[in-house]
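**Q** Here it is: the structure, laid out below.
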Amino acid sequence: MGDLADHRRALLPFLQRAEEVAKVEPKVAYYCRLYAVEEGLKLKNRSKAIEELLVSVMDKLEQFKKGNPGALNAEEDKLLLEGFALKIFARADRVDRAGKASMSTCKAFYAASVFMEVCTQFGALDEDLLGKQKYAAWKAADIRKALREGRTPTPGSGVEPKSYSPGTKVWVKVDEVSPPVQGAVLSSDDQQLKFLVSLPSGSQELKAGQLALHAVPGTQVTYKGEPGKVLSVDLAVWPPSYEVEHQNGVV
């Protein structure tokens, strides 16, 4: 009985996402089901119920291929699936960073993480997508926990940056494509909305959203109003994701 429950939990996230998007994105649904079958066939000691479930999903895969001959193209479909996952992620991320996260935001982050996992059937995720997949899964859990405890979910990574006074070291995201680089604040306007920052390429005026706390393992930070210590930093997502140790444990 334990194996059956565990096996169902392993497959249902992908099958549920398939059902949710089947009408609007049938090809995305196809790859969710295909991934579920691939994962299901890896399960050992499969019960009759799981075998029957896999057969029914395989039937749906065959029905799609028969009804859409020549529709599958791995190279194009990889881009389609990644783009779809990133769209779901971006929508949830905008709501979260605006401080309006709800259970719907939690579900969207979780769905995005599942769709990104489905993308692995085309090969290993690149660094950026892998970072977003981990962040989305963490945000879903973080928002759910906050709502269950009756708290307002903390936007973004939860690490509160120090004020960016002159001399403050920061991570800088110059544009959407380039990886973050280290910089130092030279000056800012009175509202701390724009900053003149020293970069390896020279000085540049940047917005607050392009800066993040320059934290390395051991850096002392304030996490949700409590003192903490940074254990690791993930720069694959922006703003960066921090693993922080504080009095309630590691988050």
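Quick note on naming: the chains in the structure tokens go A, B, ... in the order shown, residues restart at 1 in each chain, and ligands are numbered from 1 in order of appearance.
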Give one line per residue of range 89-121 of chain A that approaches range 21-34 of chain A to at most 12 Å, naming the two atoms of the closest pair and their distance in Å to one decimal, counting only C-alpha atoms; sort by chain then ascending residue number and deliver it as CSV.

**A**
residue,atom,partner,partner_atom,distance
A:Ala111,CA,A:Val21,CA,10.7
A:Val114,CA,A:Cys32,CA,8.8
A:Phe115,CA,A:Cys32,CA,7.4
A:Met116,CA,A:Cys32,CA,10.2
A:Glu117,CA,A:Cys32,CA,9.4
A:Val118,CA,A:Cys32,CA,6.1
A:Cys119,CA,A:Tyr31,CA,8.4
A:Thr120,CA,A:Tyr31,CA,10.6
A:Gln121,CA,A:Tyr31,CA,8.6

**Q** Tell me, counting only C-alpha atoms, for each residue of range 33-109 of chain A within 12 Å of range 227-238 of chain A, which pair of atoms is nearest and how far apart they are in Å to one decimal, in rows ordered by chain and increasing number, as a tab-separated table.

**A**
residue	atom	partner	partner_atom	distance
A:Phe89	CA	A:Val237	CA	11.5
A:Ala90	CA	A:Trp238	CA	11.3
A:Asp93	CA	A:Trp238	CA	10.3
A:Arg97	CA	A:Trp238	CA	11.3

**Q** Could you dump the residues just selected with N, CA and C atoms as a short mmCIF file (atom, residue, chain, number, x, y, z; two decimals), in the first residue's frame?

**A**
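Okay, this is what ended up in again.cif:
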data_model
loop_
_atom_site.label_atom_id
_atom_site.label_comp_id
_atom_site.auth_asym_id
_atom_site.auth_seq_id
_atom_site.Cartn_x
_atom_site.Cartn_y
_atom_site.Cartn_z
N PHE A 89 6.14 31.00 -14.51
CA PHE A 89 7.04 31.46 -13.45
C PHE A 89 7.02 32.98 -13.34
N ALA A 90 7.15 33.67 -14.48
CA ALA A 90 7.23 35.13 -14.47
C ALA A 90 5.95 35.75 -13.91
N ASP A 93 6.01 35.26 -10.19
CA ASP A 93 7.08 36.07 -9.61
C ASP A 93 6.67 37.54 -9.50
N ARG A 97 6.50 39.44 -5.90
CA ARG A 97 7.36 40.59 -5.60
C ARG A 97 6.56 41.87 -5.38
#

**Q** Nearest to Ala137 in chain A among A:Tyr110, A:Phe122, A:Phe14, A:Phe195, with distances taken over only C-alpha atoms: which residue is it?

**A** A:Tyr110

**Q** Using only C-alpha atoms, which of the listed residues (A:Gln63, A:Ser47, A:Ser187, A:Gln182) sits closest to Leu211 in chain A?

**A**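 Going through A:Gln63, A:Ser47, A:Ser187, A:Gln182 one by one, the smallest distance to Leu211 in chain A is for A:Gln182.
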
**Q** Would you mind reading off the distance between CA of Pro155 in chain A and CA of Ala98 in chain A, one decimal, in Å?

**A**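 Interatomic distance, CA of Pro155 in chain A to CA of Ala98 in chain A: 7.1 Å.
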
**Q** Range 8-174 of chain A: which residues are helix (DSSP H, G or I) by DSSP, as an MDAnalysis selection string?

**A** chainID A and resid 8:21 26:40 48:67 74:97 103:122 127:148

**Q** Can you list, as a list in words, every protein, DNA or RNA residue that comes within 12 Å of Thr152 in chain A when you count only C-alpha atoms, leaving out same-chain residues fewer than 6 positions away?

**A**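 My reading of the contact set: Asp96, Gly99, Lys100, Ala101, Ser102, Met103, Asp142, Ile143, Arg144, Lys145, Ala146, Gly158 and Lys224 of chain A.
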
**Q** Would you write out those residues with N, CA and C atoms, as an mmCIF file, in the first residue's frame?

**A**
data_model
loop_
_atom_site.group_PDB
_atom_site.id
_atom_site.type_symbol
_atom_site.label_atom_id
_atom_site.label_comp_id
_atom_site.auth_asym_id
_atom_site.auth_seq_id
_atom_site.Cartn_x
_atom_site.Cartn_y
_atom_site.Cartn_z
ATOM 1 N N ASP A 96 4.247 37.858 -6.606
ATOM 2 C CA ASP A 96 4.938 37.675 -5.338
ATOM 3 C C ASP A 96 5.751 38.909 -4.963
ATOM 4 N N GLY A 99 4.112 41.798 -3.455
ATOM 5 C CA GLY A 99 3.574 41.600 -2.112
ATOM 6 C C GLY A 99 2.138 41.123 -2.097
ATOM 7 N N LYS A 100 1.680 40.486 -3.192
ATOM 8 C CA LYS A 100 0.287 40.064 -3.291
ATOM 9 C C LYS A 100 0.144 38.551 -3.424
ATOM 10 N N ALA A 101 1.125 37.821 -2.924
ATOM 11 C CA ALA A 101 1.101 36.363 -3.070
ATOM 12 C C ALA A 101 -0.088 35.747 -2.341
ATOM 13 N N SER A 102 -0.720 34.771 -2.985
ATOM 14 C CA SER A 102 -1.863 34.050 -2.431
ATOM 15 C C SER A 102 -1.662 32.560 -2.703
ATOM 16 N N MET A 103 -2.658 31.758 -2.368
ATOM 17 C CA MET A 103 -2.551 30.335 -2.660
ATOM 18 C C MET A 103 -2.473 30.105 -4.166
ATOM 19 N N ASP A 142 7.335 28.013 0.568
ATOM 20 C CA ASP A 142 7.438 29.150 1.483
ATOM 21 C C ASP A 142 6.105 29.890 1.596
ATOM 22 N N ILE A 143 5.448 30.110 0.469
ATOM 23 C CA ILE A 143 4.155 30.804 0.475
ATOM 24 C C ILE A 143 3.104 29.954 1.173
ATOM 25 N N ARG A 144 3.075 28.658 0.880
ATOM 26 C CA ARG A 144 2.101 27.761 1.515
ATOM 27 C C ARG A 144 2.288 27.765 3.034
ATOM 28 N N LYS A 145 3.518 27.710 3.480
ATOM 29 C CA LYS A 145 3.803 27.699 4.918
ATOM 30 C C LYS A 145 3.319 28.992 5.572
ATOM 31 N N ALA A 146 3.597 30.122 4.918
ATOM 32 C CA ALA A 146 3.183 31.416 5.474
ATOM 33 C C ALA A 146 1.666 31.504 5.589
ATOM 34 N N GLY A 158 13.275 36.895 0.654
ATOM 35 C CA GLY A 158 13.087 37.020 2.089
ATOM 36 C C GLY A 158 14.241 37.690 2.806
ATOM 37 N N LYS A 224 13.402 38.010 7.460
ATOM 38 C CA LYS A 224 12.060 38.120 8.039
ATOM 39 C C LYS A 224 12.111 38.733 9.437
#

**Q** Hey, what's within 12 Å of Trp138 in chain A if we count only C-alpha atoms and toss same-chain stuff fewer than 5 positions away? As a PyMOL selection string, please?

**A** chain A and resi 106-107+109-110+112-113+131-133+143-145+156-158+241-243+251

**Q** One decimal, in Å: what's the spacing between CA of Leu125 in chain A and CA of Glu51 in chain A?

**A**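 Between CA of Leu125 in chain A and CA of Glu51 in chain A the gap works out to 29.1 Å.
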
**Q** Within 10 Å of range 205-210 of chain A, counting only C-alpha atoms, which residues qualify if same-chain residues fewer than 6 places away don't, as a list in words?

**A**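 Everything that qualifies: Tyr164, Val170, Trp171, Val172, Lys173, Val174, Asp175, Glu176, Pro180, Val185, Leu186, Ser187, Ser188, Gln192, Leu193, Lys194, Phe195, Leu196, Val197, Ser198, Trp238 and Pro239 of chain A.
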
**Q** Take the residues that were just selected and, keeping C-alpha atoms, output them as an mmCIF file, in the first residue's frame.

**A**
data_model
loop_
_atom_site.group_PDB
_atom_site.id
_atom_site.type_symbol
_atom_site.label_atom_id
_atom_site.label_comp_id
_atom_site.auth_asym_id
_atom_site.auth_seq_id
_atom_site.Cartn_x
_atom_site.Cartn_y
_atom_site.Cartn_z
ATOM 1 C CA TYR A 164 22.766 50.853 -0.166
ATOM 2 C CA VAL A 170 26.305 44.737 -4.219
ATOM 3 C CA TRP A 171 25.484 42.163 -6.839
ATOM 4 C CA VAL A 172 24.462 43.920 -10.034
ATOM 5 C CA LYS A 173 22.206 42.707 -12.853
ATOM 6 C CA VAL A 174 23.070 45.086 -15.681
ATOM 7 C CA ASP A 175 20.623 43.553 -18.160
ATOM 8 C CA GLU A 176 18.393 40.508 -18.681
ATOM 9 C CA PRO A 180 25.340 39.261 -12.129
ATOM 10 C CA VAL A 185 27.639 51.869 -4.639
ATOM 11 C CA LEU A 186 29.149 55.316 -5.192
ATOM 12 C CA SER A 187 26.046 57.421 -4.520
ATOM 13 C CA SER A 188 22.251 57.367 -4.642
ATOM 14 C CA GLN A 192 17.324 55.293 -3.014
ATOM 15 C CA LEU A 193 15.595 54.537 -6.306
ATOM 16 C CA LYS A 194 18.625 55.166 -8.515
ATOM 17 C CA PHE A 195 22.248 54.440 -7.756
ATOM 18 C CA LEU A 196 25.598 55.277 -9.276
ATOM 19 C CA VAL A 197 27.544 52.030 -9.084
ATOM 20 C CA SER A 198 31.174 51.228 -9.769
ATOM 21 C CA TRP A 238 17.327 37.247 -9.881
ATOM 22 C CA PRO A 239 17.149 38.618 -7.255
#

**Q** Rounded to one decimal, what separation in Å do you get between CA of Ala136 in chain A and CA of Ala108 in chain A?

**A**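 For CA of Ala136 in chain A relative to CA of Ala108 in chain A, the distance reads 8.7 Å.
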
**Q** Would you please extract all strand (DSSP E) residues from range 92-202 of chain A, as assigned by DSSP on the backbone, and give them as a PyMOL selection string?

**A** chain A and resi 159-160+169-172+181-188+194-199+202

**Q** Select, from A:Lys78, A:Arg46, A:Ala215, A:Leu54, the residue with the minimum atom-to-atom distance to Leu12 in chain A, counting only C-alpha atoms.

**A**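 Using only C-alpha atoms, Leu12 in chain A sits closest to A:Leu54.
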